[in-house]
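A.B. asks: Got a structure for you, questions after.
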Amino acid sequence: IKLKEVKDFTIIGQEIVNVDIDKIITGKPLFGLDYKTEGMVYASVLRPPAFGQVLESYDASKAKSISGVIDVFTIGEKARNFLDKGYISWTAVVSGSDKVVVIANSTWSAIKAKKAIKAVWKDDTVIEGSDFHNEKLTAVFDKKLNTLRNDGNVKKAFKEADKVIERTYSSPFLPHNCMEPMNFYANVTSDKIDLVGPTQTPQEVSKSVAVLLDRKVEEISVEMTRMGGGFGRRLYSDFALEAAEISDKIKKPVKMVSTREDDMTTGVYKPSVKYKIAASLKDGKITGYHLKEAAINSNMYGVISNFFPAGCIPNFKLEVGSYKSSVTTGAWRAPYTNFLAFAEQSFFDELASELKIDTIQLRLDLLQNVKGTKDKKIKYSGKRMEDTIKLVREKGNWGKAKDGVFQGFSAYYSHNTHVAEIAEIELKDGFPIIKKVIAAVDCGIVVNPTGARNQVEGGVLDGIGHAMYSDFSFEKGKPSSKNFDTYRLIRMQETPKVEVHFVQNDLSPTGLGEPGLPPAGGAVANAINAALGKRMYSQPFVKELKKKTVLG
């Protein structure tokens with residue numbers, strides 16, 4: 001078959017709005033929470049309030065007296081058998097504890113009854129204190145780490161350097177906080193299993209439910225609804241497994257519905273991470289680079305070893321280590337790079353300042369060393385990153401901002417796409433206000449410009465919001481926040497204008513849902529430094545700014 005030439009495309013490259021947009025804004029039933037069938041009941045699940053705890057006993061007498069409540073019981077045995085079978089894959093979030101389930105004829109009755117249950121929980125594993133993870137991550141740096149890449153001789157480069165700069169960056173756990181809380185429908189019968197709901201991995205849902213209930217995959221049907229946000233949370237199948245186990249027990253169609261508090265306190269979290277980065281400077285050049293990563297529960301961060309600046313610096317070493325915690329962690333929008341990009345791009349900005357070279361020019365100079373490389377492990381393209389950086393430099397009028405506007409630059413490759421961003425901030429009563437972000441993106445052929453811009457804009461705002469404001473921790477295994485009254489997200493009046501420019505080429509299209517996020521934090525951090533002369537080393541930045549008394 002002869003494929004159509006790019007010049008003959010009539011659909012790809014056209015502006016097309018979301019096909020469901022009218023239904024979404026007029027409230028048509030498209031999402032998992034909307035789904036219902038004849039005879040369906042609702043389930044609300046009481047889970048351990050702290051990671052590391054299991055159910056000891058419970059009193060549901062008051063809950064059962066609430067109007068609309070049908071039954072109260074526990075589940076958990078099948079989930080424990082599931083764990084014993086060793087099936088993890090994307091279903092890494094299965095508690096070994098029993099859980100109390102309320103069955104009712106409405107979500108209101110089920111949730112109200114769940115709050116009336118008096119449960120007693122006991123510690124099953126070590127309950128981790130408030131500063132526990134921070135201390136453990138710091139200790140990881142002193143242990144033997146796994147070396148993922150080791151070019152040249154970093155030790156020799158550091159020994160012969162004119163100067164060695166070392167910095168440590170830290171980030172907290174973060175919940176996903178999808179707009180639509182987790183939910184799933186299940187109808188388990190003797191001959192088939194029907195599953196309906198919002199999931200990013202329908203095949204994994206069917207496979208994991210088959211293992212859980214000891215059924216054949218061929219007997220399972222998974223229907224996907226629209227998702228009210230995914231961001232990696234719906235890669236996992238824990239909420240679908242709960243629905244399936246409940247339906248199997250009551251022999252009725254059921255929809256398990258989580259509350260916001262359920263989502264925030266019993267979910268999957270972006271792991272807390274620390275980076276220790278050191279670089280050697282000799283004769284005005286970066287001669288060595290050593291990055292150490294310490295992450296909670298991380299065993300999947302190895303992909304970063306062949307991202308920038310690998311291949312750009314002759315002596316380059318990357319080591320990783322982790323601390324195992326009972327807190328469930330997993331993929332969070334732009335896995336691996338969502339925090340690393342801020343750390344590295346802030347570090348390179350500081351190196352540029354030390355070397356007295358324009359921060360963009362430093363990146364361009366480094367990229368010359370990887371252009372045309374024969375190292376097939378290198379994931380990014382020096383040429384494509386260079387073109388992306390040059391485009392944002394032009395569109396963002398780098399270095400030519402009007403008085404009172406401070407610029408910060410960041411560039412990163414992730415999820416097969418090259419992105420460069422310039423953040424512009426102004427100061428109000430000494431506090432940085434982000435006014436605009438200019439983004440240049442090389443994602444190959446832009447299939448749908450409308451959707452593509454939306455993805456980049458959303459990623460940038462997501463990255464800025466979490467870098468600036470979001471914080472999350474655990475007190476004795478219990479999440480520090482359970483709703484938006486104590487968990488800070490970016491507000492509408494805080495969102496800057498995002499201007500997106502695409503590198504024009506005929507290369508195959510690549511990812512866009514995630515790559516706009518990683519560079520955003522670095523661009524903002526570097527703009528803050530341009531305005532205040534203060535470096536950000538920890539997220540969220542508001543904590544750093546308060547520490548430095550910028551807020552008064």
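Chain identifiers are assigned as A, B, and so on, following the order in which chains appear in the structure tokens; residues are numbered from 1 within each chain, and ligands are numbered from 1 in order of appearance.
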Give one line per residue of segment 416-450 of chain A that approaches segment 502-518 of chain A to at most 9 Å, naming the two atoms of the closest pair and their distance in Å to one decimal, counting only C-alpha atoms; sort by chain then ascending residue number and deliver it as CSV.
C.D. replies:
residue,atom,partner,partner_atom,distance
A:Asn416,CA,A:Thr510,CA,5.7
A:Thr417,CA,A:Thr510,CA,6.0
A:His418,CA,A:Pro515,CA,7.4
A:Val419,CA,A:Gly516,CA,6.5
A:Ala420,CA,A:Gly516,CA,8.5
A:Glu421,CA,A:Gly516,CA,8.6
A:Ala439,CA,A:Gly516,CA,8.0
A:Ala440,CA,A:Phe502,CA,5.7
A:Val441,CA,A:Phe502,CA,4.8
A:Asp442,CA,A:Val503,CA,5.0
A:Cys443,CA,A:Thr510,CA,5.0
A:Gly444,CA,A:Pro509,CA,4.3
A:Ile445,CA,A:Pro509,CA,4.9
A:Val446,CA,A:Pro509,CA,6.5
A:Val447,CA,A:Pro509,CA,7.3
A.B. asks: Need the shell around Lys143 of chain A: protein/DNA/RNA residues with any atom at most 12 Å away, counting only C-alpha atoms. Skip same-chain ones fewer than 2 positions apart. Format as a list in words?
C.D. replies: Lys136, Leu137, Thr138, Ala139, Val140, Phe141, Leu145, Asn146, Lys292, Glu293, Ala294, Glu319, Val320, Gly321, Ser322 and Tyr323 of chain A
A.B. asks: So which residues touch Leu532 of chain A within 9 Å, counting only C-alpha atoms, skipping near sequence neighbours fewer than 3 positions away, as a list in words?
C.D. replies: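 Non-adjacent residues within range: Leu427, Gly430, Pro432, Ala527, Ile528, Asn529, Arg535 and Val550 of chain A.
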A.B. asks: Do a neighbour search on Gly197 of chain A at 9 Å with only C-alpha atoms, toss out local chain neighbours closer than 2 positions, and write the hits as a list in words.
C.D. replies: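 Result of the neighbour search: Phe31, Gly32, Leu33, Tyr35, Asn183, Phe184, Tyr185, Ala186, Leu195, Thr199, Val222, Glu223, Met224, Thr225, Arg226, Met227 and Ala240 of chain A.
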A.B. asks: So, counting only C-alpha atoms, which residue among A:Tyr236, A:Phe82, A:Trp332, A:Tyr289 is closest to Asp462 of chain A?
C.D. replies: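 When distances to Asp462 of chain A are compared using only C-alpha atoms, the smallest one comes from A:Trp332.
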A.B. asks: Going by DSSP on the backbone, which residues of segment 205-370 of chain A come out as strand (DSSP E or B)? List them as a ChimeraX atom specification.
C.D. replies: /A:220-224,226,254-257,269-270,273-282,285-296,315-323,329
A.B. asks: Would you mind listing what lies within 10 Å of Phe51 of chain A as a CSV table (one decimal) with N, CA and C atoms, in the first residue's frame, with only C-alpha atoms counted and same-chain residues fewer than 2 positions away left out?
C.D. replies:
chain,number,residue,atom,x,y,z
A,47,ARG,N,-11.9,2.2,54.0
A,47,ARG,CA,-10.6,1.7,53.9
A,47,ARG,C,-9.7,2.1,55.1
A,48,PRO,N,-8.6,1.5,55.3
A,48,PRO,CA,-7.7,1.9,56.4
A,48,PRO,C,-7.4,3.4,56.4
A,49,PRO,N,-7.5,4.1,57.5
A,49,PRO,CA,-7.3,5.6,57.5
A,49,PRO,C,-5.8,5.9,57.4
A,53,GLN,N,-2.0,0.1,58.3
A,53,GLN,CA,-3.0,-0.4,59.2
A,53,GLN,C,-3.9,-1.4,58.6
A,54,VAL,N,-4.5,-2.3,59.4
A,54,VAL,CA,-5.5,-3.2,58.9
A,54,VAL,C,-6.7,-3.2,59.9
A,95,SER,N,-4.7,-3.3,48.9
A,95,SER,CA,-4.5,-3.4,50.4
A,95,SER,C,-4.7,-4.8,50.9
A,123,ASP,N,-2.1,-1.4,63.8
A,123,ASP,CA,-0.9,-1.3,63.0
A,123,ASP,C,-0.4,-2.7,62.6
A,124,ASP,N,-0.2,-2.8,61.2
A,124,ASP,CA,0.3,-4.0,60.7
A,124,ASP,C,1.7,-3.9,60.3
A,125,THR,N,2.2,-2.8,59.8
A,125,THR,CA,3.6,-2.5,59.5
A,125,THR,C,4.0,-1.2,60.2
A,126,VAL,N,5.2,-0.8,60.0
A,126,VAL,CA,5.7,0.4,60.6
A,126,VAL,C,4.9,1.6,60.2
A,127,ILE,N,4.4,2.3,61.2
A,127,ILE,CA,3.7,3.6,60.9
A,127,ILE,C,4.7,4.7,60.8
A,128,GLU,N,4.7,5.3,59.6
A,128,GLU,CA,5.7,6.3,59.3
A,128,GLU,C,5.4,7.7,59.7
A,265,THR,N,-7.0,10.2,50.2
A,265,THR,CA,-6.4,9.6,51.4
A,265,THR,C,-6.1,8.1,51.2
A,266,THR,N,-6.7,7.5,50.2
A,266,THR,CA,-6.4,6.0,50.0
A,266,THR,C,-6.0,5.7,48.6
A,325,SER,N,8.3,2.0,51.1
A,325,SER,CA,7.3,2.6,52.1
A,325,SER,C,6.0,1.9,51.9
A,326,SER,N,5.2,1.8,53.0
A,326,SER,CA,3.9,1.2,52.9
A,326,SER,C,2.9,2.1,52.1
A,327,VAL,N,3.3,3.4,51.9
A,327,VAL,CA,2.4,4.3,51.1
A,327,VAL,C,2.5,3.9,49.7
A,328,THR,N,1.3,3.8,49.0
A,328,THR,CA,1.2,3.3,47.7
A,328,THR,C,1.6,4.5,46.7
A,474,PHE,N,2.5,12.7,55.2
A,474,PHE,CA,1.9,11.7,56.0
A,474,PHE,C,2.3,11.8,57.4
A,476,LYS,N,2.1,9.8,60.7
A,476,LYS,CA,1.9,8.5,61.3
A,476,LYS,C,1.2,7.6,60.3
A,477,GLY,N,1.5,7.7,59.0
A,477,GLY,CA,0.9,6.9,57.9
A,477,GLY,C,-0.4,7.5,57.4
A,478,LYS,N,-0.9,8.6,58.0
A,478,LYS,CA,-2.1,9.1,57.6
A,478,LYS,C,-1.9,10.4,56.8
A,479,PRO,N,-2.6,10.5,55.6
A,479,PRO,CA,-2.4,11.7,54.8
A,479,PRO,C,-2.7,13.0,55.5
A.B. asks: Out of A:Glu242, A:Asp71, A:Asp471, A:Glu394, which residue has the shortest atom-to-atom distance to Pro172 of chain A when counting only C-alpha atoms?
C.D. replies: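 Answer, going by the shortest atom-to-atom distance: A:Asp471.
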A.B. asks: How many Å lie between atom CA of Ala334 of chain A and atom CA of Pro181 of chain A, rounded to one decimal?
C.D. replies: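 Separating atom CA of Ala334 of chain A from atom CA of Pro181 of chain A is a distance of 20.3 Å.
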A.B. asks: For each of A:Lys159, A:Lys270, A:Lys436, A:His466, take the minimum atom-to-atom distance to Ser298 of chain A, counting only C-alpha atoms, then give the residue where this is smallest.
C.D. replies: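 Among the listed residues, A:Lys270 lies closest to Ser298 of chain A.
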